[in-house]
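S.K.: Okay, so here is run.tsv, and as you'll see once you scroll down, it has TSV, C-alpha atoms.
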```tsv
chain	number	residue	atom	x	y	z
A	8	MET	CA	-48.06	55.62	-82.31
A	9	LYS	CA	-51.16	53.58	-81.53
A	10	TYR	CA	-53.91	53.38	-84.15
A	11	PRO	CA	-57.66	52.69	-83.82
A	12	ASN	CA	-58.67	49.05	-84.20
A	13	SER	CA	-60.29	49.70	-87.58
A	14	VAL	CA	-57.05	51.18	-88.91
A	15	CYS	CA	-55.04	48.26	-87.49
A	16	ALA	CA	-57.33	45.79	-89.25
A	17	PHE	CA	-56.89	47.66	-92.54
A	18	LEU	CA	-53.08	47.72	-92.17
A	19	ILE	CA	-52.95	44.02	-91.36
A	20	SER	CA	-55.03	43.18	-94.45
A	21	ILE	CA	-52.63	45.21	-96.60
A	22	CYS	CA	-49.66	43.41	-95.03
A	23	LEU	CA	-51.17	40.02	-95.80
A	24	LEU	CA	-51.91	41.00	-99.39
A	25	LEU	CA	-48.30	42.13	-99.85
A	26	GLY	CA	-46.92	38.95	-98.34
A	27	PHE	CA	-45.43	40.44	-95.21
A	28	THR	CA	-45.24	38.16	-92.19
A	29	ALA	CA	-45.23	40.98	-89.64
A	30	CYS	CA	-46.91	44.35	-89.41
A	31	ASP	CA	-46.12	46.90	-86.70
A	32	SER	CA	-49.18	48.69	-85.37
A	33	GLY	CA	-47.12	50.59	-82.82
A	34	ALA	CA	-47.68	48.11	-79.95
A	35	SER	CA	-46.71	44.58	-79.09
A	36	SER	CA	-49.00	41.91	-80.57
A	37	GLU	CA	-48.50	39.88	-77.39
A	38	THR	CA	-50.59	40.41	-74.28
A	39	SER	CA	-49.16	40.28	-70.78
A	40	SER	CA	-50.79	39.04	-67.60
A	41	GLY	CA	-48.02	40.73	-65.64
A	42	PRO	CA	-44.84	39.31	-64.16
A	43	PRO	CA	-44.87	35.87	-62.48
A	44	ALA	CA	-45.59	35.73	-58.75
A	45	PHE	CA	-42.89	34.78	-56.25
A	46	VAL	CA	-43.60	31.40	-54.62
A	47	LEU	CA	-40.58	30.41	-52.55
A	48	SER	CA	-36.81	30.17	-52.46
A	49	TRP	CA	-34.30	27.70	-51.08
A	50	GLY	CA	-30.56	27.47	-50.48
A	51	SER	CA	-27.77	29.47	-48.89
A	52	SER	CA	-24.00	29.56	-49.08
A	53	GLY	CA	-22.32	26.27	-48.19
A	54	ALA	CA	-21.01	22.94	-49.42
A	55	THR	CA	-23.52	20.45	-48.01
A	56	ALA	CA	-26.76	19.18	-49.55
A	57	GLY	CA	-29.22	22.01	-50.13
A	58	HIS	CA	-26.50	24.66	-49.95
A	59	PHE	CA	-24.80	26.27	-52.93
A	60	ASN	CA	-21.60	27.86	-54.13
A	61	ALA	CA	-22.51	29.90	-57.22
A	62	PRO	CA	-25.39	27.86	-58.71
A	63	ALA	CA	-25.28	28.42	-62.47
A	64	GLY	CA	-27.33	26.14	-64.69
A	65	ILE	CA	-30.77	24.82	-63.81
A	66	ALA	CA	-33.09	22.31	-65.50
A	67	VAL	CA	-36.41	20.55	-64.86
A	68	ASP	CA	-37.02	16.91	-65.79
A	69	SER	CA	-40.28	15.43	-67.09
A	70	SER	CA	-41.47	14.69	-63.54
A	71	GLY	CA	-40.95	18.25	-62.32
A	72	TYR	CA	-37.75	17.65	-60.34
A	73	VAL	CA	-35.27	20.51	-60.33
A	74	TYR	CA	-31.58	19.96	-61.18
A	75	VAL	CA	-29.06	22.63	-60.15
A	76	ALA	CA	-25.50	22.85	-61.47
A	77	ASP	CA	-23.77	23.90	-58.25
A	78	SER	CA	-20.69	25.12	-60.09
A	79	GLY	CA	-18.53	26.09	-57.12
A	80	ASN	CA	-19.22	22.79	-55.35
A	81	ASN	CA	-18.75	20.78	-58.58
A	82	VAL	CA	-21.95	18.78	-58.24
A	83	ILE	CA	-25.45	18.51	-59.70
A	84	GLN	CA	-28.02	18.71	-56.89
A	85	ILE	CA	-31.56	17.37	-57.41
A	86	PHE	CA	-34.63	18.74	-55.59
A	87	ASP	CA	-38.37	18.37	-55.67
A	88	SER	CA	-40.41	21.39	-56.71
A	89	ASN	CA	-40.51	22.72	-53.14
A	90	GLY	CA	-36.77	22.63	-52.67
A	91	THR	CA	-36.45	19.36	-50.74
A	92	PHE	CA	-33.09	17.71	-51.52
A	93	GLU	CA	-33.42	14.35	-53.27
A	94	SER	CA	-30.04	13.28	-54.65
A	95	ASN	CA	-26.93	14.43	-56.48
A	96	ILE	CA	-24.69	13.58	-59.42
A	97	GLY	CA	-20.90	13.80	-59.41
A	98	THR	CA	-18.18	15.38	-57.33
A	99	PHE	CA	-15.02	17.35	-58.05
A	100	GLY	CA	-12.60	16.00	-60.60
A	101	GLY	CA	-10.16	17.97	-62.75
A	102	GLY	CA	-8.95	16.74	-66.12
A	103	SER	CA	-10.52	15.00	-69.07
A	104	SER	CA	-9.48	11.55	-67.84
A	105	VAL	CA	-11.72	11.70	-64.75
A	106	ASP	CA	-15.09	10.38	-65.94
A	107	GLY	CA	-18.27	11.20	-64.06
A	108	LYS	CA	-16.76	14.10	-62.12
A	109	PHE	CA	-16.99	17.86	-62.68
A	110	ASN	CA	-15.01	21.05	-62.62
A	111	ALA	CA	-17.48	23.98	-62.61
A	112	PRO	CA	-20.55	22.38	-64.26
A	113	GLN	CA	-22.86	24.83	-66.06
A	114	GLY	CA	-25.75	24.02	-68.40
A	115	MET	CA	-27.76	20.78	-68.53
A	116	ALA	CA	-30.26	19.13	-70.87
A	117	PHE	CA	-32.37	15.95	-70.97
A	118	ASP	CA	-33.06	13.68	-73.91
A	119	GLY	CA	-36.31	11.80	-74.48
A	120	SER	CA	-35.11	8.82	-72.43
A	121	GLY	CA	-34.36	10.91	-69.37
A	122	ASN	CA	-30.59	10.83	-69.79
A	123	ILE	CA	-28.85	14.03	-68.71
A	124	TYR	CA	-26.08	15.93	-70.50
A	125	VAL	CA	-23.88	18.28	-68.46
A	126	ALA	CA	-21.60	21.06	-69.71
A	127	ASP	CA	-18.47	20.34	-67.63
A	128	ALA	CA	-16.98	23.77	-68.25
A	129	ASN	CA	-13.50	23.75	-66.74
A	130	ASN	CA	-12.86	20.23	-68.02
A	131	SER	CA	-13.75	21.45	-71.54
A	132	ARG	CA	-16.19	18.65	-72.27
A	133	VAL	CA	-19.81	17.52	-72.18
A	134	GLN	CA	-20.66	14.40	-70.17
A	135	LYS	CA	-23.67	12.15	-70.60
A	136	PHE	CA	-25.22	10.30	-67.65
A	137	ALA	CA	-27.67	7.48	-68.35
A	138	LEU	CA	-30.81	7.13	-66.25
A	139	GLY	CA	-31.24	3.71	-64.65
A	140	ALA	CA	-34.36	1.82	-63.65
A	141	THR	CA	-35.03	3.90	-60.54
A	142	ALA	CA	-35.37	7.64	-59.99
A	143	PHE	CA	-32.10	9.60	-59.90
A	144	SER	CA	-30.01	6.47	-60.61
A	145	TYR	CA	-27.63	8.12	-63.05
A	146	THR	CA	-24.39	6.50	-64.20
A	147	TYR	CA	-21.64	7.97	-66.37
A	148	SER	CA	-22.12	6.99	-70.01
A	149	SER	CA	-19.93	8.98	-72.42
A	150	LYS	CA	-18.19	12.30	-73.06
A	151	PHE	CA	-16.92	14.49	-75.85
A	152	GLY	CA	-14.65	17.53	-76.16
A	153	SER	CA	-11.19	18.61	-75.07
A	154	PRO	CA	-9.43	21.95	-74.40
A	155	GLY	CA	-8.57	24.09	-77.41
A	156	THR	CA	-9.78	26.28	-80.23
A	157	GLY	CA	-10.04	23.77	-83.05
A	158	ALA	CA	-12.79	21.46	-84.20
A	159	LEU	CA	-14.20	19.20	-81.47
A	160	GLN	CA	-12.65	21.42	-78.78
A	161	PHE	CA	-13.89	23.94	-76.21
A	162	ASN	CA	-12.21	27.04	-74.85
A	163	GLY	CA	-13.29	28.48	-71.51
A	164	GLY	CA	-15.78	25.70	-71.19
A	165	PRO	CA	-18.91	24.59	-72.79
A	166	THR	CA	-21.62	26.49	-70.92
A	167	GLY	CA	-25.13	26.27	-72.38
A	168	ILE	CA	-26.51	23.07	-73.84
A	169	ALA	CA	-29.83	22.20	-75.51
A	170	ILE	CA	-31.21	19.25	-77.47
A	171	ASP	CA	-33.17	19.44	-80.71
A	172	ASP	CA	-35.68	16.66	-80.06
A	173	ALA	CA	-36.58	16.34	-83.73
A	174	THR	CA	-33.03	15.41	-84.78
A	175	GLY	CA	-31.37	14.43	-81.52
A	176	TYR	CA	-28.61	16.96	-82.15
A	177	LEU	CA	-26.95	18.63	-79.16
A	178	TRP	CA	-26.32	22.36	-79.47
A	179	VAL	CA	-23.44	23.34	-77.20
A	180	VAL	CA	-22.32	26.90	-76.46
A	181	ASP	CA	-18.51	27.11	-76.72
A	182	LYS	CA	-18.22	30.33	-74.71
A	183	GLY	CA	-14.49	31.05	-74.94
A	184	ASN	CA	-14.43	30.39	-78.68
A	185	SER	CA	-17.58	32.50	-79.15
A	186	ARG	CA	-19.41	29.87	-81.15
A	187	VAL	CA	-22.04	27.17	-80.97
A	188	GLN	CA	-21.08	23.60	-81.80
A	189	ILE	CA	-23.67	21.08	-82.95
A	190	TRP	CA	-22.98	17.43	-82.13
A	191	TYR	CA	-24.65	14.08	-82.74
A	192	LEU	CA	-24.11	10.52	-81.55
A	193	ASN	CA	-22.95	8.35	-84.45
A	194	GLY	CA	-22.95	4.81	-83.14
A	195	ALA	CA	-20.68	5.02	-80.08
A	196	VAL	CA	-18.77	8.08	-81.33
A	197	TRP	CA	-19.65	11.71	-80.76
A	198	THR	CA	-19.22	13.69	-83.98
A	199	GLN	CA	-19.31	17.43	-84.62
A	200	PHE	CA	-21.96	18.28	-87.21
A	201	THR	CA	-21.28	21.98	-87.71
A	202	THR	CA	-20.53	25.24	-85.90
A	203	VAL	CA	-22.36	28.55	-85.82
A	204	GLY	CA	-20.92	31.98	-85.12
A	205	TYR	CA	-17.30	32.80	-84.30
A	206	TYR	CA	-16.12	36.02	-82.72
A	207	GLN	CA	-15.33	39.07	-84.81
A	208	ALA	CA	-13.36	41.75	-82.98
A	209	VAL	CA	-14.80	44.89	-84.61
A	210	ILE	CA	-18.50	44.65	-85.15
A	211	ASP	CA	-21.61	46.76	-85.30
A	212	PRO	CA	-24.19	44.73	-83.36
A	213	GLY	CA	-27.02	46.56	-85.09
A	214	ALA	CA	-25.88	45.91	-88.64
A	215	ALA	CA	-28.28	43.87	-90.73
A	216	GLY	CA	-27.18	40.28	-91.10
A	217	ASN	CA	-24.43	40.66	-88.49
A	218	TYR	CA	-24.60	37.58	-86.28
A	219	GLN	CA	-21.07	37.16	-84.96
A	220	TYR	CA	-20.94	36.28	-81.25
A	221	ASN	CA	-18.98	37.53	-78.26
A	222	GLN	CA	-18.84	34.93	-75.46
A	223	PRO	CA	-22.45	33.69	-75.39
A	224	TRP	CA	-23.48	31.59	-72.37
A	225	GLY	CA	-26.89	29.89	-72.49
A	226	ILE	CA	-29.09	28.43	-75.21
A	227	ALA	CA	-32.68	27.22	-75.58
A	228	ILE	CA	-34.48	25.34	-78.37
A	229	ALA	CA	-38.20	25.56	-79.10
A	230	GLY	CA	-40.13	24.87	-82.26
A	231	THR	CA	-37.96	25.56	-85.28
A	232	HIS	CA	-35.50	27.90	-83.56
A	233	ALA	CA	-32.66	28.10	-81.09
A	234	TYR	CA	-32.32	31.23	-78.93
A	235	LEU	CA	-28.86	32.41	-77.94
A	236	PRO	CA	-27.97	35.15	-75.43
A	237	ASP	CA	-25.00	36.88	-77.07
A	238	THR	CA	-23.73	38.00	-73.67
A	239	ASN	CA	-20.98	40.50	-74.41
A	240	HIS	CA	-22.91	42.04	-77.29
A	241	TYR	CA	-25.95	42.59	-75.01
A	242	ARG	CA	-28.46	41.04	-77.37
A	243	MET	CA	-30.42	37.92	-78.30
A	244	ILE	CA	-29.95	35.95	-81.51
A	245	ARG	CA	-32.55	33.59	-82.98
A	246	ILE	CA	-31.23	30.72	-85.13
A	247	GLN	CA	-33.14	28.57	-87.64
A	248	LEU	CA	-32.64	24.93	-86.67
A	249	SER	CA	-32.99	23.44	-90.14
A	250	ASN	CA	-29.93	25.18	-91.56
A	251	ALA	CA	-28.21	26.58	-88.42
A	252	THR	CA	-28.68	30.10	-89.79
A	253	PRO	CA	-29.36	33.13	-87.56
A	254	ASN	CA	-32.41	35.07	-88.72
A	255	LEU	CA	-33.23	37.61	-85.98
A	256	VAL	CA	-31.39	39.80	-83.50
A	257	TRP	CA	-32.79	42.05	-80.77
A	258	GLY	CA	-31.56	44.08	-77.81
A	259	VAL	CA	-28.91	46.68	-77.01
A	260	ASN	CA	-26.94	47.44	-73.85
A	261	GLY	CA	-29.10	49.32	-71.37
A	262	THR	CA	-31.70	49.13	-68.62
A	263	ALA	CA	-34.90	50.18	-70.43
A	264	ASP	CA	-37.60	47.66	-71.37
A	265	GLY	CA	-36.17	45.47	-74.13
A	266	ASP	CA	-32.56	46.48	-73.43
A	267	LEU	CA	-30.26	43.74	-72.21
A	268	GLY	CA	-27.53	43.78	-69.57
A	269	ALA	CA	-25.23	40.76	-69.96
A	270	PRO	CA	-27.95	38.24	-70.93
A	271	MET	CA	-26.94	34.72	-69.86
A	272	GLY	CA	-29.74	32.23	-69.23
A	273	VAL	CA	-32.67	31.69	-71.59
A	274	ALA	CA	-35.77	29.47	-71.63
A	275	VAL	CA	-38.87	29.22	-73.82
A	276	ASP	CA	-42.35	28.30	-72.57
A	277	SER	CA	-45.07	26.33	-74.36
A	278	SER	CA	-46.52	29.56	-75.77
A	279	GLY	CA	-43.23	30.37	-77.46
A	280	HIS	CA	-42.41	33.21	-75.08
A	281	VAL	CA	-38.68	33.74	-74.51
A	282	TYR	CA	-37.42	34.45	-70.99
A	283	VAL	CA	-33.98	36.06	-70.70
A	284	VAL	CA	-31.91	36.27	-67.50
A	285	GLU	CA	-29.87	39.46	-67.27
A	286	TYR	CA	-26.79	39.04	-65.10
A	287	SER	CA	-25.88	42.71	-64.76
A	288	ASN	CA	-29.43	44.13	-64.66
A	289	ASN	CA	-30.54	41.57	-62.04
A	290	ARG	CA	-33.85	40.89	-63.73
A	291	ILE	CA	-35.71	38.59	-66.10
A	292	GLN	CA	-37.44	39.84	-69.23
A	293	GLU	CA	-40.13	38.04	-71.20
A	294	PHE	CA	-40.31	38.48	-74.98
A	295	SER	CA	-42.32	37.10	-77.86
A	296	SER	CA	-40.52	34.73	-80.23
A	297	SER	CA	-39.91	37.73	-82.50
A	298	GLY	CA	-38.28	39.81	-79.77
A	299	GLU	CA	-41.22	41.99	-78.67
A	300	PHE	CA	-41.01	43.00	-75.02
A	301	ILE	CA	-43.85	41.57	-72.89
A	302	THR	CA	-42.98	42.02	-69.21
A	303	LYS	CA	-40.14	41.93	-66.69
A	304	TRP	CA	-39.46	41.31	-63.01
A	305	GLY	CA	-36.59	41.60	-60.54
A	306	THR	CA	-34.11	44.13	-59.22
A	307	SER	CA	-30.84	44.02	-57.30
A	308	GLY	CA	-31.12	42.72	-53.73
A	309	THR	CA	-31.50	39.78	-51.40
A	310	GLY	CA	-35.27	39.86	-50.82
A	311	ASP	CA	-38.00	37.78	-52.43
A	312	GLY	CA	-38.02	38.37	-56.19
A	313	GLU	CA	-34.68	40.21	-56.05
A	314	PHE	CA	-31.47	38.93	-57.60
A	315	SER	CA	-27.70	39.15	-57.43
A	316	GLY	CA	-26.08	38.19	-60.72
A	317	PRO	CA	-28.62	35.53	-61.77
A	318	MET	CA	-27.52	33.09	-64.47
A	319	GLY	CA	-29.79	30.11	-65.10
A	320	ILE	CA	-33.51	29.64	-65.77
A	321	ALA	CA	-35.78	26.63	-66.23
A	322	ILE	CA	-39.52	26.41	-66.92
A	323	ASP	CA	-41.92	23.69	-65.79
A	324	ASP	CA	-44.75	24.26	-68.25
A	325	THR	CA	-46.88	21.44	-66.86
A	326	ASN	CA	-47.25	23.17	-63.49
A	327	GLY	CA	-46.60	26.77	-64.58
A	328	PHE	CA	-43.42	27.28	-62.55
A	329	ILE	CA	-40.29	29.25	-63.41
A	330	TYR	CA	-37.05	28.56	-61.54
A	331	ILE	CA	-34.15	31.04	-61.42
A	332	ALA	CA	-30.57	30.28	-60.34
A	333	ASP	CA	-29.93	33.39	-58.22
A	334	THR	CA	-26.18	32.86	-58.44
A	335	GLY	CA	-24.78	35.64	-56.26
A	336	ASN	CA	-27.34	34.95	-53.52
A	337	ASN	CA	-26.58	31.19	-53.60
A	338	ARG	CA	-30.22	30.21	-53.86
A	339	ILE	CA	-32.99	29.10	-56.21
A	340	GLN	CA	-36.13	31.20	-56.58
A	341	LYS	CA	-39.44	29.76	-57.76
A	342	PHE	CA	-42.16	31.78	-59.48
A	343	LYS	CA	-45.66	31.00	-60.75
A	344	LYS	CA	-46.78	32.12	-64.20
```
Any chance you could put this one into structure tokens?

M.R.:
Amino acid sequence: MKYPNSVCAFLISICLLLGFTACDSGASSETSSGPPAFVLSWGSSGATAGHFNAPAGIAVDSSGYVYVADSGNNVIQIFDSNGTFESNIGTFGGGSSVDGKFNAPQGMAFDGSGNIYVADANNSRVQKFALGATAFSYTYSSKFGSPGTGALQFNGGPTGIAIDDATGYLWVVDKGNSRVQIWYLNGAVWTQFTTVGYYQAVIDPGAAGNYQYNQPWGIAIAGTHAYLPDTNHYRMIRIQLSNATPNLVWGVNGTADGDLGAPMGVAVDSSGHVYVVEYSNNRIQEFSSSGEFITKWGTSGTGDGEFSGPMGIAIDDTNGFIYIADTGNNRIQKFKK
């Protein structure tokens, strides 16, 4: 129910007096300017520069260049904002002993020095590449992880990766083990700080305080929180960074506004809005940081602004662009906020 403005003001004052941090007036407190506008797309199926085989992760560096984890071609491709190919990182290499090569790379993240971290999924590790003196001059630096279910191991890949700039900790989604591992660089040694989650076979996703995961994929960090698409539970989970404790869940399986169909990629803009890529619903939804639905765009198809099993998302806040890895269509789509 929507109330008159005078009633809303009264209710908000009561909420503040009682110490509540949120008060529901029957409508979202966030305003929407509508879905982003399609700008352009690039890429098609293939194995040469500018072509893709199931692009998965996507990231934007501080200069606005777009990095695409071309998972089927086992390479990171680098483009300018208009889709012009610039360079690449890596090639195929299976096994943990092959440094600087990939087997189905997924998520990526940058640290404050411009170094890039890549979730090398089928090699069950994360690799760090150091940025040299010139643009795109990346060299292999270090790695951590191995196959397995124990501490310091990944099962079914690491997939999403994000960096908490305040602490320097790397948050890595361990998809097959249904958990998030938090790592830090201690001298020259990568060390696991803690883990969050773990899968629980029988669970009620709507139960209060229930934050067990079922094969999450992406992750994003903004402000004091991490945001995790809990893919096979069809919901989003918000996690407090300071103590690695989940404190909010939203979404159920479905196609209505606010429902989620296999959420995978996630990104947060400078306003704190959370953008969620839905693999099975072929759309992107925008939410407030507290899970209120704001807007959406996309449907199944091959046309402009249509998707086929999208996975990754990256936001260039400086220029107002949103990039989507349209995985099944083997292309990148660019939108303007």

S.K.: Can you tell me which residues surround Asp181 of chain A at a distance of at most 12 Å, considering all atoms listed in the file, apart from same-chain residues fewer than 4 positions away, and format the answer as a VMD selection string?

M.R.: chain A and resid 113 to 114 126 to 129 131 to 133 152 to 168 185 to 190 202 to 206 220 to 226 235 237

S.K.: Have a look at A:Ile320, A:Val82, A:Ala263, A:Met271 and name the one nearest to Lys182 of chain A; count all atoms listed in the file.

M.R.: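 When distances to Lys182 of chain A are compared using all atoms listed in the file, the smallest one comes from A:Met271.
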
S.K.: Around the point (-33.8, 45.8, -61.5) (coordinates from the file), which residues reach within 9 Å if we count only C-alpha atoms? Answer as a tab-separated table (two decimals) with C-alpha atoms, in the frame of the given file.

M.R.:
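File written: selection.tsv
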```
chain	number	residue	atom	x	y	z
A	262	THR	CA	-31.70	49.13	-68.62
A	288	ASN	CA	-29.43	44.13	-64.66
A	289	ASN	CA	-30.54	41.57	-62.04
A	290	ARG	CA	-33.85	40.89	-63.73
A	291	ILE	CA	-35.71	38.59	-66.10
A	304	TRP	CA	-39.46	41.31	-63.01
A	305	GLY	CA	-36.59	41.60	-60.54
A	306	THR	CA	-34.11	44.13	-59.22
A	307	SER	CA	-30.84	44.02	-57.30
A	308	GLY	CA	-31.12	42.72	-53.73
A	313	GLU	CA	-34.68	40.21	-56.05
A	314	PHE	CA	-31.47	38.93	-57.60
```

S.K.: So which one's closest to Ser103 of chain A, A:Asn130, A:Asn122, A:Thr55, A:Ser88? Using all atoms listed in the file, please.

M.R.: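 Closest candidate: A:Asn130.
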
S.K.: Select, from A:Asn260, A:Ser297, A:Thr302, A:Ser78, the residue with the minimum atom-to-atom distance to Ile246 of chain A, counting all atoms listed in the file.

M.R.: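 Among the listed residues, the smallest separation from Ile246 of chain A belongs to A:Ser297.
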
S.K.: Missing atoms in segment 235-255 of chain A should be modelled up to N, CA, C and O atoms and reported as a PDB file, keeping the file's coordinate frame.

M.R.:
```
ATOM      1  N   LEU A 235     -30.201  32.300 -78.500  1.00  0.00           N
ATOM      2  CA  LEU A 235     -28.860  32.410 -77.940  1.00  0.00           C
ATOM      3  C   LEU A 235     -28.637  33.794 -77.329  1.00  0.00           C
ATOM      4  O   LEU A 235     -28.707  34.804 -78.030  1.00  0.00           O
ATOM      5  N   PRO A 236     -28.369  33.871 -76.019  1.00  0.00           N
ATOM      6  CA  PRO A 236     -27.970  35.150 -75.430  1.00  0.00           C
ATOM      7  C   PRO A 236     -26.516  35.463 -75.800  1.00  0.00           C
ATOM      8  O   PRO A 236     -25.596  34.771 -75.356  1.00  0.00           O
ATOM      9  N   ASP A 237     -26.336  36.467 -76.630  1.00  0.00           N
ATOM     10  CA  ASP A 237     -25.000  36.880 -77.070  1.00  0.00           C
ATOM     11  C   ASP A 237     -24.471  37.853 -76.004  1.00  0.00           C
ATOM     12  O   ASP A 237     -24.554  39.075 -76.145  1.00  0.00           O
ATOM     13  N   THR A 238     -23.909  37.297 -74.935  1.00  0.00           N
ATOM     14  CA  THR A 238     -23.730  38.000 -73.670  1.00  0.00           C
ATOM     15  C   THR A 238     -22.990  39.314 -73.792  1.00  0.00           C
ATOM     16  O   THR A 238     -23.468  40.365 -73.341  1.00  0.00           O
ATOM     17  N   ASN A 239     -21.814  39.286 -74.374  1.00  0.00           N
ATOM     18  CA  ASN A 239     -20.980  40.500 -74.410  1.00  0.00           C
ATOM     19  C   ASN A 239     -21.340  41.456 -75.534  1.00  0.00           C
ATOM     20  O   ASN A 239     -20.714  42.505 -75.670  1.00  0.00           O
ATOM     21  N   HIS A 240     -22.340  41.096 -76.333  1.00  0.00           N
ATOM     22  CA  HIS A 240     -22.910  42.040 -77.290  1.00  0.00           C
ATOM     23  C   HIS A 240     -24.287  42.530 -76.831  1.00  0.00           C
ATOM     24  O   HIS A 240     -24.964  43.239 -77.575  1.00  0.00           O
ATOM     25  N   TYR A 241     -24.727  42.089 -75.645  1.00  0.00           N
ATOM     26  CA  TYR A 241     -25.950  42.590 -75.010  1.00  0.00           C
ATOM     27  C   TYR A 241     -27.180  42.436 -75.913  1.00  0.00           C
ATOM     28  O   TYR A 241     -27.973  43.356 -76.085  1.00  0.00           O
ATOM     29  N   ARG A 242     -27.350  41.243 -76.447  1.00  0.00           N
ATOM     30  CA  ARG A 242     -28.460  41.040 -77.370  1.00  0.00           C
ATOM     31  C   ARG A 242     -28.821  39.559 -77.429  1.00  0.00           C
ATOM     32  O   ARG A 242     -28.104  38.685 -76.928  1.00  0.00           O
ATOM     33  N   MET A 243     -29.965  39.281 -78.045  1.00  0.00           N
ATOM     34  CA  MET A 243     -30.420  37.920 -78.300  1.00  0.00           C
ATOM     35  C   MET A 243     -30.322  37.638 -79.799  1.00  0.00           C
ATOM     36  O   MET A 243     -30.577  38.515 -80.627  1.00  0.00           O
ATOM     37  N   ILE A 244     -29.995  36.386 -80.121  1.00  0.00           N
ATOM     38  CA  ILE A 244     -29.950  35.950 -81.510  1.00  0.00           C
ATOM     39  C   ILE A 244     -30.832  34.716 -81.663  1.00  0.00           C
ATOM     40  O   ILE A 244     -30.755  33.783 -80.865  1.00  0.00           O
ATOM     41  N   ARG A 245     -31.702  34.739 -82.663  1.00  0.00           N
ATOM     42  CA  ARG A 245     -32.550  33.590 -82.980  1.00  0.00           C
ATOM     43  C   ARG A 245     -31.957  32.863 -84.179  1.00  0.00           C
ATOM     44  O   ARG A 245     -31.567  33.496 -85.173  1.00  0.00           O
ATOM     45  N   ILE A 246     -31.888  31.524 -84.105  1.00  0.00           N
ATOM     46  CA  ILE A 246     -31.230  30.720 -85.130  1.00  0.00           C
ATOM     47  C   ILE A 246     -32.209  29.687 -85.675  1.00  0.00           C
ATOM     48  O   ILE A 246     -32.882  28.983 -84.908  1.00  0.00           O
ATOM     49  N   GLN A 247     -32.306  29.587 -86.999  1.00  0.00           N
ATOM     50  CA  GLN A 247     -33.140  28.570 -87.640  1.00  0.00           C
ATOM     51  C   GLN A 247     -32.492  27.202 -87.478  1.00  0.00           C
ATOM     52  O   GLN A 247     -31.321  27.004 -87.836  1.00  0.00           O
ATOM     53  N   LEU A 248     -33.222  26.234 -86.927  1.00  0.00           N
ATOM     54  CA  LEU A 248     -32.640  24.930 -86.670  1.00  0.00           C
ATOM     55  C   LEU A 248     -32.299  24.173 -87.950  1.00  0.00           C
ATOM     56  O   LEU A 248     -31.278  23.491 -88.017  1.00  0.00           O
ATOM     57  N   SER A 249     -33.131  24.282 -88.963  1.00  0.00           N
ATOM     58  CA  SER A 249     -32.990  23.440 -90.140  1.00  0.00           C
ATOM     59  C   SER A 249     -31.685  23.667 -90.886  1.00  0.00           C
ATOM     60  O   SER A 249     -31.145  22.737 -91.492  1.00  0.00           O
ATOM     61  N   ASN A 250     -31.177  24.896 -90.852  1.00  0.00           N
ATOM     62  CA  ASN A 250     -29.930  25.180 -91.560  1.00  0.00           C
ATOM     63  C   ASN A 250     -28.894  25.894 -90.691  1.00  0.00           C
ATOM     64  O   ASN A 250     -27.883  26.388 -91.196  1.00  0.00           O
ATOM     65  N   ALA A 251     -29.144  25.947 -89.377  1.00  0.00           N
ATOM     66  CA  ALA A 251     -28.210  26.580 -88.420  1.00  0.00           C
ATOM     67  C   ALA A 251     -27.868  28.009 -88.834  1.00  0.00           C
ATOM     68  O   ALA A 251     -26.741  28.469 -88.681  1.00  0.00           O
ATOM     69  N   THR A 252     -28.900  28.730 -89.315  1.00  0.00           N
ATOM     70  CA  THR A 252     -28.680  30.100 -89.790  1.00  0.00           C
ATOM     71  C   THR A 252     -29.409  31.101 -88.905  1.00  0.00           C
ATOM     72  O   THR A 252     -30.624  31.015 -88.744  1.00  0.00           O
ATOM     73  N   PRO A 253     -28.686  32.075 -88.325  1.00  0.00           N
ATOM     74  CA  PRO A 253     -29.360  33.130 -87.560  1.00  0.00           C
ATOM     75  C   PRO A 253     -30.278  33.953 -88.449  1.00  0.00           C
ATOM     76  O   PRO A 253     -29.948  34.249 -89.604  1.00  0.00           O
ATOM     77  N   ASN A 254     -31.470  34.305 -87.893  1.00  0.00           N
ATOM     78  CA  ASN A 254     -32.410  35.070 -88.720  1.00  0.00           C
ATOM     79  C   ASN A 254     -33.063  36.230 -87.973  1.00  0.00           C
ATOM     80  O   ASN A 254     -33.939  36.893 -88.522  1.00  0.00           O
ATOM     81  N   LEU A 255     -32.662  36.487 -86.717  1.00  0.00           N
ATOM     82  CA  LEU A 255     -33.230  37.610 -85.980  1.00  0.00           C
ATOM     83  C   LEU A 255     -32.285  37.997 -84.852  1.00  0.00           C
ATOM     84  O   LEU A 255     -31.692  37.128 -84.210  1.00  0.00           O
TER      85      LEU A 255
END
```
